file data.txt (compact mmCIF, C-alpha atoms)
# COMPACT_ATOMS: atom_id res chain seq x y z
CA VAL K 749 88.55 103.64 73.75
CA HIS K 750 88.89 106.02 76.68
CA LEU K 751 85.40 107.03 77.71
CA ILE K 752 84.79 110.56 79.01
CA PRO K 753 83.34 110.09 82.51
CA VAL K 754 79.92 111.57 83.18
CA ASN K 755 79.60 110.65 86.87
CA PRO K 756 80.73 113.69 88.92
CA ILE K 757 82.11 111.48 91.75
CA ARG K 758 85.51 110.21 90.62
CA GLU K 759 87.70 107.74 92.44
CA ASP K 760 90.86 109.65 91.57
CA GLY K 761 89.53 112.89 93.03
CA LEU K 762 89.69 114.80 89.75
CA ASN K 763 86.77 116.94 88.75
CA PRO K 764 85.82 115.89 85.21
CA LYS K 765 84.09 119.24 84.68
CA SER K 766 87.48 120.94 84.67
CA ARG K 767 88.40 119.08 81.50
CA LYS K 768 88.04 120.89 78.23
CA ARG K 769 85.39 118.86 76.46
CA ILE K 770 85.44 118.42 72.72
CA MET K 771 82.36 116.65 71.43
CA PRO K 772 83.68 114.23 68.83
CA ASP K 773 81.85 113.43 65.62
CA LEU K 774 81.09 109.79 66.48
CA LEU K 775 81.14 108.70 62.85
CA THR K 776 84.44 110.19 61.81
CA GLU K 777 86.82 110.72 64.70
CA PRO K 778 87.74 109.01 67.95
CA PRO K 779 87.27 110.96 71.21
CA ALA K 780 90.01 113.49 71.86
CA ILE K 781 92.71 112.14 74.17
CA ASP K 782 93.82 114.44 76.97
CA PRO K 783 97.32 113.17 77.83
CA VAL K 784 97.61 115.23 81.04
CA TYR K 785 94.29 113.96 82.38
CA GLU K 786 95.25 110.37 81.51
CA ALA K 787 98.63 110.81 83.23
CA HIS K 788 96.85 112.00 86.41
CA VAL K 789 94.67 108.88 86.37
CA TYR K 790 97.80 106.74 85.88
CA CYS K 791 99.57 108.35 88.87
CA ASN K 792 96.60 107.46 91.09
CA ILE K 793 97.60 109.95 93.81
CA PRO K 794 95.65 109.10 96.99
CA THR K 795 93.11 111.88 97.58
CA ILE K 796 89.44 111.35 98.42
CA ALA K 797 87.98 108.06 99.69
CA GLU K 798 87.34 105.67 96.84
CA ARG K 799 83.95 104.31 95.86
CA SER K 800 83.97 100.73 94.69
CA MET K 801 81.58 97.98 93.55
CA GLU K 802 83.39 95.08 95.22
CA GLY K 803 81.23 92.78 97.33
CA HIS K 804 77.86 93.73 95.76
CA ALA K 805 75.39 90.85 95.30
CA PRO K 806 71.79 89.91 96.04
CA HIS K 807 71.32 89.29 99.79
CA TYR K 808 70.86 85.52 99.39
CA PHE K 809 74.31 85.09 97.76
CA LYS K 810 77.32 84.05 99.84
CA LEU K 811 80.86 85.19 99.06
CA VAL K 812 83.17 82.15 99.17
CA SER K 813 86.44 83.28 97.56
CA VAL K 814 88.30 86.40 96.42
CA GLN K 815 91.36 86.43 94.18
CA VAL K 816 93.20 89.72 93.72
CA LEU K 817 95.84 90.60 91.14
CA ILE K 818 97.59 93.93 91.85
CA ARG K 819 100.15 96.11 90.18
CA HIS K 820 102.76 97.47 92.60
CA GLY K 821 102.30 101.04 93.80
CA ASP K 822 104.03 104.25 92.70
CA ARG K 823 107.75 103.71 92.16
CA TYR K 824 110.93 105.56 91.29
CA PRO K 825 111.83 105.29 87.57
CA LEU K 826 113.52 102.20 86.15
CA TYR K 827 115.48 104.35 83.67
CA ALA K 828 117.38 107.61 83.98
CA ILE K 829 117.45 110.34 81.33
CA PRO K 830 121.17 110.58 80.52
CA LYS K 831 123.08 113.72 81.58
CA THR K 832 120.26 115.03 83.79
CA LYS K 833 119.94 115.10 87.56
CA ARG K 834 117.77 112.26 88.87
CA PRO K 835 114.42 113.35 90.34
CA ASP K 836 114.93 114.24 93.99
CA ILE K 837 112.43 111.95 95.71
CA ASP K 838 112.77 110.62 99.25
CA CYS K 839 111.84 106.94 99.77
CA MET K 840 111.94 107.11 103.58
CA LEU K 841 108.51 106.49 105.10
CA LEU K 842 107.49 109.57 107.11
CA PRO K 843 103.94 109.47 108.54
CA GLY K 844 103.85 113.29 108.79
CA ARG K 845 104.46 113.76 105.05
CA LYS K 846 101.72 113.64 102.42
CA PRO K 847 100.36 111.41 101.10
CA SER K 848 100.05 109.48 104.36
CA HIS K 849 97.75 106.94 106.02
CA PRO K 850 96.52 106.56 109.62
CA GLN K 851 98.19 103.14 109.83
CA LEU K 852 101.50 104.07 108.18
CA GLU K 853 103.41 104.39 111.46
CA ALA K 854 102.08 101.06 112.80
CA PHE K 855 102.91 99.44 109.42
CA ILE K 856 106.57 100.57 109.66
CA LYS K 857 106.89 99.16 113.19
CA HIS K 858 105.25 95.87 112.25
CA MET K 859 107.39 95.38 109.13
CA SER K 860 110.55 95.54 111.25
CA LYS K 861 109.43 92.37 113.08
CA GLY K 862 108.96 90.22 109.99
CA SER K 863 111.61 87.55 110.56
CA ALA K 864 108.90 84.96 111.46
CA ALA K 865 107.35 85.04 107.97
CA GLN K 866 107.98 82.25 105.50
CA MET K 867 109.40 83.77 102.34
CA ASP K 868 110.43 81.74 99.31
CA GLY K 869 114.05 81.81 98.25
CA SER K 870 115.40 85.27 97.53
CA LEU K 871 112.32 87.08 98.93
CA SER K 872 113.63 86.77 102.49
CA SER K 873 116.63 88.96 101.60
CA LEU K 874 114.47 91.83 100.24
CA PRO K 875 113.60 94.84 102.44
CA ARG K 876 109.99 94.77 103.69
CA TYR K 877 109.49 98.51 103.21
CA PRO K 878 111.32 101.30 101.31
CA SER K 879 113.94 103.21 103.31
CA HIS K 880 116.34 105.28 101.20
CA SER K 881 116.57 109.06 101.52
CA LEU K 882 117.14 109.20 97.74
CA CYS K 883 115.07 106.49 96.09
CA GLU K 884 116.90 103.69 94.31
CA MET K 885 115.89 102.83 90.74
CA GLY K 886 112.50 101.08 90.72
CA GLU K 887 112.01 101.50 94.49
CA LEU K 888 108.49 101.81 95.90
CA THR K 889 107.80 105.33 97.19
CA GLN K 890 105.76 106.43 100.19
CA THR K 891 102.93 107.15 97.73
CA GLY K 892 103.14 103.52 96.56
CA VAL K 893 102.94 102.19 100.12
CA VAL K 894 99.96 104.44 100.93
CA GLN K 895 98.14 103.38 97.75
CA HIS K 896 98.22 99.75 98.90
CA LEU K 897 97.45 100.52 102.55
CA ARG K 898 94.30 102.14 101.13
CA ASN K 899 93.59 99.16 98.84
CA GLY K 900 93.87 96.78 101.78
CA GLN K 901 91.66 98.94 103.98
CA LEU K 902 88.96 99.23 101.29
CA LEU K 903 88.95 95.46 100.66
CA ARG K 904 88.91 94.74 104.41
CA GLU K 905 85.79 96.85 104.96
CA ILE K 906 83.99 94.87 102.25
CA TYR K 907 85.37 91.32 102.46
CA ILE K 908 86.27 91.00 106.16
CA ASN K 909 83.91 93.36 108.01
CA LYS K 910 80.86 92.88 105.78
CA HIS K 911 81.22 89.43 104.21
CA LYS K 912 83.35 87.68 106.91
CA LEU K 913 85.56 86.02 104.29
CA LEU K 914 88.28 85.52 106.95
CA LEU K 915 87.49 85.35 110.67
CA SER K 916 89.83 86.51 113.45
CA ASP K 917 91.17 82.94 113.86
CA TRP K 918 92.10 82.61 110.17
CA THR K 919 94.84 80.15 109.23
CA ALA K 920 97.76 80.28 106.81
CA LYS K 921 96.01 77.69 104.59
CA GLN K 922 93.21 80.16 103.85
CA LEU K 923 95.67 82.48 102.07
CA TYR K 924 97.65 82.05 98.89
CA LEU K 925 100.26 84.80 98.42
CA GLU K 926 102.62 85.15 95.47
CA THR K 927 104.90 87.95 94.28
CA THR K 928 107.65 88.54 91.76
CA GLY K 929 111.15 88.93 93.16
CA LYS K 930 111.19 92.74 93.17
CA SER K 931 111.14 94.71 96.41
CA ARG K 932 108.34 96.93 95.03
CA THR K 933 105.97 93.98 94.50
CA LEU K 934 106.79 92.33 97.84
CA GLN K 935 106.36 95.64 99.70
CA SER K 936 103.08 96.40 97.89
CA ALA K 937 101.72 92.98 98.89
CA LEU K 938 102.73 93.48 102.53
CA ALA K 939 101.15 96.96 102.65
CA LEU K 940 97.85 95.64 101.28
CA LEU K 941 97.86 92.61 103.60
CA TYR K 942 98.69 94.76 106.64
CA THR K 943 95.44 96.75 106.40
CA PHE K 944 93.38 93.85 104.96
CA LEU K 945 93.93 90.92 107.33
CA PRO K 946 91.89 90.69 110.57
CA ASP K 947 95.20 90.28 112.38
CA PHE K 948 98.56 90.51 110.61
CA ASP K 949 100.40 87.56 112.17
CA TRP K 950 103.84 87.04 110.62
CA LYS K 951 103.76 83.31 111.45
CA LYS K 952 100.81 82.86 109.08
CA ILE K 953 102.40 84.72 106.18
CA ASN K 954 103.81 82.37 103.54
CA MET K 955 104.93 84.41 100.52
CA ARG K 956 105.74 82.43 97.37
CA HIS K 957 108.22 83.72 94.80
CA GLN K 958 107.19 83.87 91.12
CA TRP K 959 110.16 84.28 88.80
CA SER K 960 108.04 85.11 85.73
CA THR K 961 106.28 88.48 85.33
CA ILE K 962 103.42 86.68 83.53
CA PHE K 963 103.13 84.16 86.41
CA CYS K 964 103.41 81.19 84.05
CA SER K 965 105.02 79.02 86.78
CA GLY K 966 105.85 75.60 85.29
CA SER K 967 104.09 76.22 81.94
CA CYS K 968 106.28 78.93 80.43
CA ASP K 969 107.54 77.11 77.34
CA CYS K 970 105.39 78.61 74.59
CA PRO K 971 107.14 79.44 71.29
CA MET K 972 104.06 81.04 69.66
CA ARG K 973 103.60 83.41 72.60
CA ASN K 974 107.09 84.75 71.88
CA HIS K 975 106.26 84.93 68.16
CA TYR K 976 103.20 87.14 68.77
CA LEU K 977 105.14 89.31 71.20
CA GLU K 978 107.81 89.92 68.54
CA GLU K 979 105.10 90.78 65.98
CA GLU K 980 103.54 93.20 68.49
CA GLN K 981 106.92 94.86 69.08
CA ARG K 982 107.30 95.32 65.31
CA ARG K 983 103.88 96.98 65.23
CA GLN K 984 104.94 99.34 68.04
CA TYR K 985 108.13 100.25 66.18
CA SER K 986 106.24 100.89 62.94
CA LEU K 987 103.75 103.23 64.67
CA ARG K 988 106.56 105.15 66.35
CA VAL K 989 108.49 105.64 63.10
CA LYS K 990 105.36 107.06 61.43
CA ASN K 991 104.85 109.70 64.15
CA SER K 992 106.69 112.82 62.94
CA ASP K 993 105.65 114.90 65.99
CA LEU K 994 107.18 112.29 68.27
CA GLU K 995 110.41 112.25 66.25
CA LYS K 996 110.72 116.06 66.46
CA ILE K 997 110.21 115.93 70.24
CA TYR K 998 112.90 113.27 70.65
CA VAL K 999 115.33 115.28 68.51
CA ASP K 1000 114.65 118.40 70.58
CA MET K 1001 115.02 116.58 73.92
CA ALA K 1002 118.23 114.91 72.75
CA ARG K 1003 119.61 118.36 71.82
CA ILE K 1004 118.73 119.70 75.30
CA VAL K 1005 120.53 116.89 77.11
CA GLY K 1006 123.36 116.67 74.57
CA ILE K 1007 123.15 113.05 73.44
CA PRO K 1008 122.21 111.25 70.18
CA THR K 1009 118.46 110.87 69.61
CA ARG K 1010 118.74 107.08 69.52
CA GLN K 1011 120.36 107.02 72.96
CA LEU K 1012 117.62 109.22 74.42
CA ARG K 1013 114.89 106.98 73.01
CA ALA K 1014 116.62 103.90 74.42
CA SER K 1015 116.55 105.48 77.90
CA ASN K 1016 112.72 105.36 77.79
CA PRO K 1017 112.23 108.99 78.91
CA ILE K 1018 108.45 108.65 79.53
CA ASP K 1019 109.13 106.36 82.51
CA SER K 1020 111.30 109.03 84.12
CA LEU K 1021 109.05 111.95 83.10
CA LEU K 1022 106.00 110.26 84.64
CA CYS K 1023 107.85 110.21 87.96
CA TYR K 1024 108.51 113.97 87.75
CA PHE K 1025 104.85 114.48 86.79
CA CYS K 1026 103.31 112.24 89.48
CA HIS K 1027 105.45 113.83 92.21
CA ASN K 1028 104.92 117.39 90.96
CA VAL K 1029 108.67 117.92 90.47
CA SER K 1030 109.94 120.23 87.67
CA PHE K 1031 111.14 118.42 84.55
CA PRO K 1032 114.96 118.38 84.20
CA CYS K 1033 116.96 121.29 82.74
CA THR K 1034 120.47 121.66 81.30
CA LYS K 1035 122.47 124.68 80.14
CA THR K 1036 120.86 124.24 76.72
CA GLY K 1037 117.26 124.35 77.93
CA CYS K 1038 114.53 122.46 79.76
CA ILE K 1039 112.39 119.45 79.01
CA ASP K 1040 108.84 120.79 79.34
CA MET K 1041 105.17 119.85 79.40
CA GLU K 1042 104.90 119.92 75.59
CA HIS K 1043 107.58 117.23 75.32
CA PHE K 1044 105.73 115.18 77.93
CA LYS K 1045 102.32 115.60 76.26
CA VAL K 1046 103.52 114.45 72.83
CA ILE K 1047 105.20 111.31 74.22
CA LYS K 1048 102.23 110.49 76.47
CA ARG K 1049 99.76 111.06 73.62
CA HIS K 1050 101.73 108.65 71.45
CA GLN K 1051 101.60 106.08 74.27
CA LEU K 1052 97.82 106.37 74.36
CA GLU K 1053 97.54 106.10 70.56
CA ASP K 1054 99.75 103.02 70.71
CA GLU K 1055 97.38 101.41 73.22
CA ARG K 1056 94.44 102.09 70.93
CA GLU K 1057 96.12 100.63 67.86
CA ARG K 1058 97.31 97.67 69.92
CA GLN K 1059 93.68 96.73 70.58
CA GLU K 1060 92.68 97.13 66.94
CA LYS K 1061 95.51 95.05 65.47
CA LYS K 1062 94.90 91.98 67.72
CA LEU K 1063 98.56 90.82 67.80
CA TYR K 1064 98.76 91.73 71.46
CA PHE K 1065 95.47 89.91 72.11
CA LEU K 1066 96.93 86.69 70.64
CA TYR K 1067 100.06 87.14 72.77
CA ALA K 1068 97.86 87.83 75.82
CA LEU K 1069 95.81 84.64 75.44
CA LEU K 1070 98.95 82.49 75.46
CA ALA K 1071 100.76 84.58 78.09
CA THR K 1072 97.94 84.47 80.64
CA HIS K 1073 96.55 80.97 80.22
CA PRO K 1074 98.75 79.42 82.96
CA LEU K 1075 97.68 82.08 85.50
CA LEU K 1076 93.99 81.97 84.52
CA ASN K 1077 94.05 78.16 84.55
CA GLN K 1078 95.45 78.20 88.09
CA THR K 1079 92.72 80.68 89.06
CA VAL K 1080 89.94 78.54 87.56
CA ASN K 1081 91.22 75.32 89.17
CA ARG K 1082 91.26 77.02 92.56
CA LEU K 1083 87.72 78.39 92.10
CA LEU K 1084 86.49 74.90 91.15
CA ARG K 1085 88.04 73.38 94.29
CA ILE K 1086 86.36 76.02 96.46
CA ALA K 1087 83.01 75.51 94.67
CA GLU K 1088 83.31 71.82 95.57
CA GLY K 1089 83.57 72.78 99.24
CA LYS K 1090 87.30 73.11 99.94
CA LYS K 1091 88.02 75.80 102.53
CA GLU K 1092 91.66 76.48 101.58
CA GLU K 1093 93.06 79.47 99.67
CA VAL K 1094 89.84 81.49 99.94
CA PHE K 1095 91.84 84.73 99.66
CA VAL K 1096 94.52 84.96 96.99
CA LEU K 1097 96.91 87.82 96.30
CA TYR K 1098 99.22 88.01 93.30
CA SER K 1099 101.51 91.06 93.49
CA ALA K 1100 102.68 91.88 90.00
CA HIS K 1101 103.45 94.46 87.29
CA ASP K 1102 101.71 96.34 84.46
CA VAL K 1103 103.05 93.63 82.10
CA THR K 1104 101.07 91.08 84.17
CA LEU K 1105 97.74 92.89 84.44
CA SER K 1106 97.63 94.29 80.92
CA PRO K 1107 97.61 90.91 79.10
CA VAL K 1108 95.07 89.48 81.59
CA LEU K 1109 92.65 92.35 80.81
CA SER K 1110 93.23 91.83 77.09
CA ALA K 1111 92.78 88.04 77.25
CA LEU K 1112 89.49 88.41 79.16
CA GLY K 1113 88.24 90.75 76.43
CA ILE K 1114 87.98 93.83 78.68
CA THR K 1115 88.89 96.26 75.90
CA GLU K 1116 87.57 99.42 77.55
CA ALA K 1117 89.95 99.15 80.51
CA ARG K 1118 92.69 101.73 80.90
CA PHE K 1119 96.33 100.63 81.01
CA PRO K 1120 97.07 99.49 84.61
CA ARG K 1121 97.75 102.53 86.77
CA PHE K 1122 99.98 102.40 89.85
CA ALA K 1123 98.36 100.12 92.48
CA ALA K 1124 95.74 98.87 89.99
CA ARG K 1125 93.71 95.91 91.22
CA LEU K 1126 91.82 93.20 89.34
CA VAL K 1127 89.49 91.14 91.55
CA PHE K 1128 87.78 87.79 90.90
CA GLU K 1129 84.91 87.13 93.33
CA LEU K 1130 83.29 83.67 93.67
CA TRP K 1131 79.70 83.61 94.94
CA GLN K 1132 77.41 80.76 95.97
CA ASP K 1133 73.67 81.00 95.25
CA GLY K 1134 71.93 80.56 98.63
CA LYS K 1135 68.75 79.31 96.94
CA ARG K 1136 70.63 76.77 94.79
CA PRO K 1137 73.86 76.02 96.73
CA LYS K 1138 75.35 73.96 93.90
CA GLU K 1139 75.36 77.01 91.60
CA HIS K 1140 78.37 79.35 91.67
CA PHE K 1141 78.91 82.68 89.95
CA ILE K 1142 81.83 85.03 89.44
CA ARG K 1143 82.19 88.79 89.34
CA ILE K 1144 85.26 90.52 87.92
CA LEU K 1145 86.17 94.04 89.05
CA TYR K 1146 88.90 96.38 87.85
CA ASN K 1147 89.82 99.27 90.16
CA GLY K 1148 86.44 98.93 91.84
CA ALA K 1149 84.38 98.97 88.61
CA ASP K 1150 82.34 95.88 87.72
CA VAL K 1151 83.66 94.67 84.33
CA THR K 1152 82.11 91.16 84.45
CA PHE K 1153 79.93 91.77 81.41
CA GLN K 1154 82.68 93.37 79.39
CA THR K 1155 84.42 89.97 79.26
CA SER K 1156 84.19 88.05 75.99
CA PHE K 1157 82.72 84.97 77.73
CA CYS K 1158 79.91 86.75 79.60
CA LYS K 1159 78.79 89.53 77.24
CA ASP K 1160 75.92 87.50 75.81
CA TYR K 1161 74.81 85.99 79.10
CA TYR K 1162 74.15 89.48 80.45
CA LYS K 1163 71.47 90.09 77.82
CA ARG K 1164 69.50 86.99 78.89
CA SER K 1165 69.93 86.93 82.68
CA SER K 1166 68.53 88.84 85.60
CA LYS K 1167 71.46 87.90 87.87
CA PRO K 1168 74.20 90.55 88.23
CA MET K 1169 77.05 88.05 87.76
CA CYS K 1170 78.41 85.33 85.50
CA PRO K 1171 78.03 81.54 85.94
CA LEU K 1172 81.35 79.99 86.98
CA GLU K 1173 81.13 77.43 84.15
CA LYS K 1174 81.28 80.25 81.57
CA PHE K 1175 84.69 81.27 82.94
CA VAL K 1176 85.80 77.62 83.21
CA ASN K 1177 84.83 76.86 79.59
CA PHE K 1178 86.62 79.99 78.39
CA VAL K 1179 89.90 79.09 80.12
CA LYS K 1180 89.79 75.34 79.46
CA ARG K 1181 88.56 75.45 75.85
CA ASP K 1182 87.52 78.73 74.21
CA MET K 1183 90.85 80.54 74.70
CA PHE K 1184 92.37 78.24 72.05
CA LEU K 1185 89.66 78.51 69.37
CA VAL K 1186 91.30 81.51 67.69
CA PHE K 1187 94.46 79.36 67.25
CA ASN K 1188 92.38 76.48 65.81
CA SER K 1189 93.62 74.40 68.73
CA THR K 1190 92.13 72.48 71.65
CA SER K 1191 94.91 72.85 74.24
CA TYR K 1192 97.53 75.27 75.52
CA TYR K 1193 100.34 72.94 74.44
CA ASP K 1194 98.96 72.73 70.90
CA ALA K 1195 98.26 76.49 70.63
CA CYS K 1196 101.81 77.23 71.77
CA ARG K 1197 103.27 75.22 68.91
CA LYS K 1198 100.86 75.69 65.99
CA ARG K 1199 102.07 78.18 63.40
CA PRO K 1200 99.36 80.57 62.10
CA LEU K 1201 97.90 79.66 58.69
call {"tool": "encode", "arguments": {"input": "data.txt", "output": "structure tokens"}}
result
Amino acid sequence: VHLIPVNPIREDGLNPKSRKRIMPDLLTEPPAIDPVYEAHVYCNIPTIAERSMEGHAPHYFKLVSVQVLIRHGDRYPLYAIPKTKRPDIDCMLLPGRKPSHPQLEAFIKHMSKGSAAQMDGSLSSLPRYPSHSLCEMGELTQTGVVQHLRNGQLLREIYINKHKLLLSDWTAKQLYLETTGKSRTLQSALALLYTFLPDFDWKKINMRHQWSTIFCSGSCDCPMRNHYLEEEQRRQYSLRVKNSDLEKIYVDMARIVGIPTRQLRASNPIDSLLCYFCHNVSFPCTKTGCIDMEHFKVIKRHQLEDERERQEKKLYFLYALLATHPLLNQTVNRLLRIAEGKKEEVFVLYSAHDVTLSPVLSALGITEARFPRFAARLVFELWQDGKRPKEHFIRILYNGADVTFQTSFCKDYYKRSSKPMCPLEKFVNFVKRDMFLVFNSTSYYDACRKRPL
């Protein structure tokens, strides 16, 4: 459910009062979806300074670890609409062009000296920042770099300046950095780290390569995960076929560009249209006509309806539990080591994709969260109770909002506790045991192989 915001201060700089408000009948109809507003939120164009809830705790609590999972920043499309001119977007970094950042120029200079970094395998051959005058497919844009320079700066003010998570003499062992093998995820990670670290020393940067977009590392063999993903894809197809407005729009767009409807649909036009929209570039035209805002709205609205049905039908949730267990298990094991007093890997950064963050949100039970926007961030904070040092608590934040008590494992605790966070053991029990209950299993291995009844 997409909630209509009531707080006049918005992190995306949009004034909610400018939205046309339709008061829904709560008993009969869901809230009206405004596809243009939702697309603006998704673009996440850097405007006003962001307010966030990271780092908030009672004064006697000590922050001992932070793990951050990000989606890469704004990128050029992965697909082209056939027979149209590609959107004319420049991927050179120019500090004088908006959106910019006070540290953009220094970032460019520093990235050119990166040969001392340790980069796993193929990562060392990737460019450390975007640099094409016409963006390549999937390339990070200047907007994407600025989004993560801002993320890093915001997290630095809280975790470094306020909570002293890393001191100026920090060591490589205090960081754990991992990215998929795409230039956009590597560059997003470097942009965030550049403004976050007390001192960006290339010799201390050890970037690990993750070949899987769900970060399943050595635990990727899971037949039932694939089964639920196929079932979810069937659900998506069925919803699309039922949508007559969507079909008319595809037929009309295919006529404009002069190709069969099936071919247009296969080219995933929303990915390309979002790029035009986010960069305020006119939608493409041909001699036959122009793709326009009505086409965009219908496709975007269907996307939002698909997200809503996806949550109701639970197939994606079952996929998400199995897809994210390896990553969440790694996270929990690290938090347990730190709670026992280990001082390594106190700051963790996973640089990933929407297909990484979305299942993690679903698996945790955070159903009210929007689909991951460009440069989305999901943060796990580990806190030590200063009055009872053996007790540790976690907070989970999504794009700066505290979602700890939206999680399935901490909803009930919230009703009984005065503390504004969740006991670490609740998260541990969820990942080690409760994630498998819905599959009538006791382990990841078993859940991955047990056919549903």
call {"tool": "closest_residue", "arguments": {"input": "data.txt", "among": "K:Gln1051, K:Ser813, K:Thr1036, K:Gln981", "to": "Glu786 of chain K", "atoms": "all atoms listed in the file"}}
result
K:Gln1051
call {"tool": "closest_atom_pairs", "arguments": {"input": "data.txt", "of": "segment 962-1006 of chain K", "to": "segment 832-837 of chain K", "cutoff": "12 Å", "atoms": "only C-alpha atoms", "output": "CSV"}}
result
residue,atom,partner,partner_atom,distance
K:Met1001,CA,K:Thr832,CA,11.3
K:Ala1002,CA,K:Thr832,CA,11.2
K:Ile1004,CA,K:Thr832,CA,9.8
K:Val1005,CA,K:Thr832,CA,6.9
K:Gly1006,CA,K:Thr832,CA,9.9
call {"tool": "residues_around", "arguments": {"input": "data.txt", "residues": "Thr928 of chain K", "least_positions_apart": "6", "cutoff": "6 Å", "atoms": "all atoms listed in the file", "output": "PyMOL selection string"}}
result
chain K and resi 957-959
call {"tool": "residues_around", "arguments": {"input": "data.txt", "residues": "Glu1042 of chain K", "least_positions_apart": "3", "cutoff": "12 Å", "atoms": "all atoms listed in the file", "output": "JSON, numbers by chain"}}
result
{"K": [783, 784, 993, 994, 996, 997, 998, 1000, 1001, 1021, 1031, 1038, 1039, 1045, 1046, 1047, 1048, 1049]}
call {"tool": "residues_near_point", "arguments": {"input": "data.txt", "point": "(77.6, 72.9, 95.7)", "cutoff": "6 Å", "atoms": "all atoms listed in the file", "output": "PDB file with C-alpha atoms, in the frame of the given file"}}
result
ATOM      1  CA  GLU K1088      83.310  71.820  95.570  1.00  0.00           C
ATOM      2  CA  PRO K1137      73.860  76.020  96.730  1.00  0.00           C
ATOM      3  CA  LYS K1138      75.350  73.960  93.900  1.00  0.00           C
TER       4      LYS K1138
END
call {"tool": "residues_around", "arguments": {"input": "data.txt", "residues": "Arg932 of chain K", "least_positions_apart": "2", "cutoff": "9 Å", "atoms": "only C-alpha atoms", "output": "PyMOL selection string"}}
result
chain K and resi 820-823+877-878+886-889+892+929-930+934-937
call {"tool": "closest_residue", "arguments": {"input": "data.txt", "among": "K:Thr891, K:Met1169, K:Asp868, K:Cys883", "to": "Cys1026 of chain K", "atoms": "all atoms listed in the file"}}
result
K:Thr891
call {"tool": "residues_around", "arguments": {"input": "data.txt", "residues": "segment 841-854 of chain K", "least_positions_apart": "4", "cutoff": "10 Å", "atoms": "all atoms listed in the file", "output": "list in words"}}
result
Ile793, Pro794, Thr795, His858, Met859, Tyr877, Pro878, Ser879, His880, Ser881, Thr889, Gln890, Thr891, Gly892, Val893, Val894, Gln895, Leu897, Arg898, Gln901, Ala939, Tyr942 and Thr943 of chain K
call {"tool": "residues_near_point", "arguments": {"input": "data.txt", "point": "(98.7, 92.0, 80.1)", "cutoff": "10 Å", "atoms": "all atoms listed in the file", "output": "ChimeraX atom specification"}}
result
/K:961-962,1064-1065,1067-1069,1071-1072,1101-1112,1119-1120
call {"tool": "residues_around", "arguments": {"input": "data.txt", "residues": "segment 982-987 of chain K", "least_positions_apart": "2", "cutoff": "10 Å", "atoms": "only C-alpha atoms", "output": "list in words"}}
result
Tyr976, Leu977, Glu978, Glu979, Glu980, Val989, Lys990, Asn991, His1050, Gln1051, Glu1053, Asp1054, Glu1055, Glu1057, Arg1058, Lys1061, Leu1063 and Tyr1064 of chain K
call {"tool": "atom_distance", "arguments": {"input": "data.txt", "atom1": "atom CA of Thr1115 of chain K", "atom2": "atom CA of Thr1152 of chain K"}}
result
12.0 Å
call {"tool": "closest_residue", "arguments": {"input": "data.txt", "among": "K:Tyr1193, K:Trp918, K:Tyr1146, K:Tyr1024", "to": "Phe1095 of chain K", "atoms": "only C-alpha atoms"}}
result
K:Trp918
call {"tool": "atom_distance", "arguments": {"input": "data.txt", "atom1": "atom CA of Asp1040 of chain K", "atom2": "atom CA of Ala1124 of chain K"}}
result
27.7 Å
call {"tool": "closest_residue", "arguments": {"input": "data.txt", "among": "K:Leu1076, K:Leu1083, K:Cys1033, K:Val816", "to": "Leu1145 of chain K", "atoms": "only C-alpha atoms"}}
result
K:Val816
call {"tool": "decode", "arguments": {"input": "data.txt", "residues": "segment 929-935 of chain K", "atoms": "N, CA, C and O atoms", "output": "CSV table (one decimal), in the first residue's frame"}}
result
chain,number,residue,atom,x,y,z
K,929,GLY,N,29.3,-7.3,-10.5
K,929,GLY,CA,30.4,-7.0,-11.5
K,929,GLY,C,29.9,-6.0,-12.6
K,929,GLY,O,30.4,-6.0,-13.7
K,930,LYS,N,29.1,-5.1,-12.2
K,930,LYS,CA,28.6,-4.1,-13.2
K,930,LYS,C,29.3,-2.7,-12.8
K,930,LYS,O,29.5,-2.4,-11.6
K,931,SER,N,29.7,-2.0,-13.8
K,931,SER,CA,30.3,-0.7,-13.5
K,931,SER,C,29.4,0.2,-12.7
K,931,SER,O,29.9,0.9,-11.8
K,932,ARG,N,28.1,0.1,-12.9
K,932,ARG,CA,27.2,1.1,-12.2
K,932,ARG,C,27.2,0.7,-10.7
K,932,ARG,O,27.0,1.7,-9.8
K,933,THR,N,27.3,-0.5,-10.3
K,933,THR,CA,27.4,-0.9,-8.8
K,933,THR,C,28.7,-0.6,-8.2
K,933,THR,O,28.8,0.0,-7.1
K,934,LEU,N,29.8,-0.8,-9.0
K,934,LEU,CA,31.1,-0.5,-8.4
K,934,LEU,C,31.3,1.0,-8.3
K,934,LEU,O,31.7,1.5,-7.2
K,935,GLN,N,30.8,1.8,-9.3
K,935,GLN,CA,31.0,3.2,-9.2
K,935,GLN,C,30.1,3.8,-8.1
K,935,GLN,O,30.5,4.8,-7.5
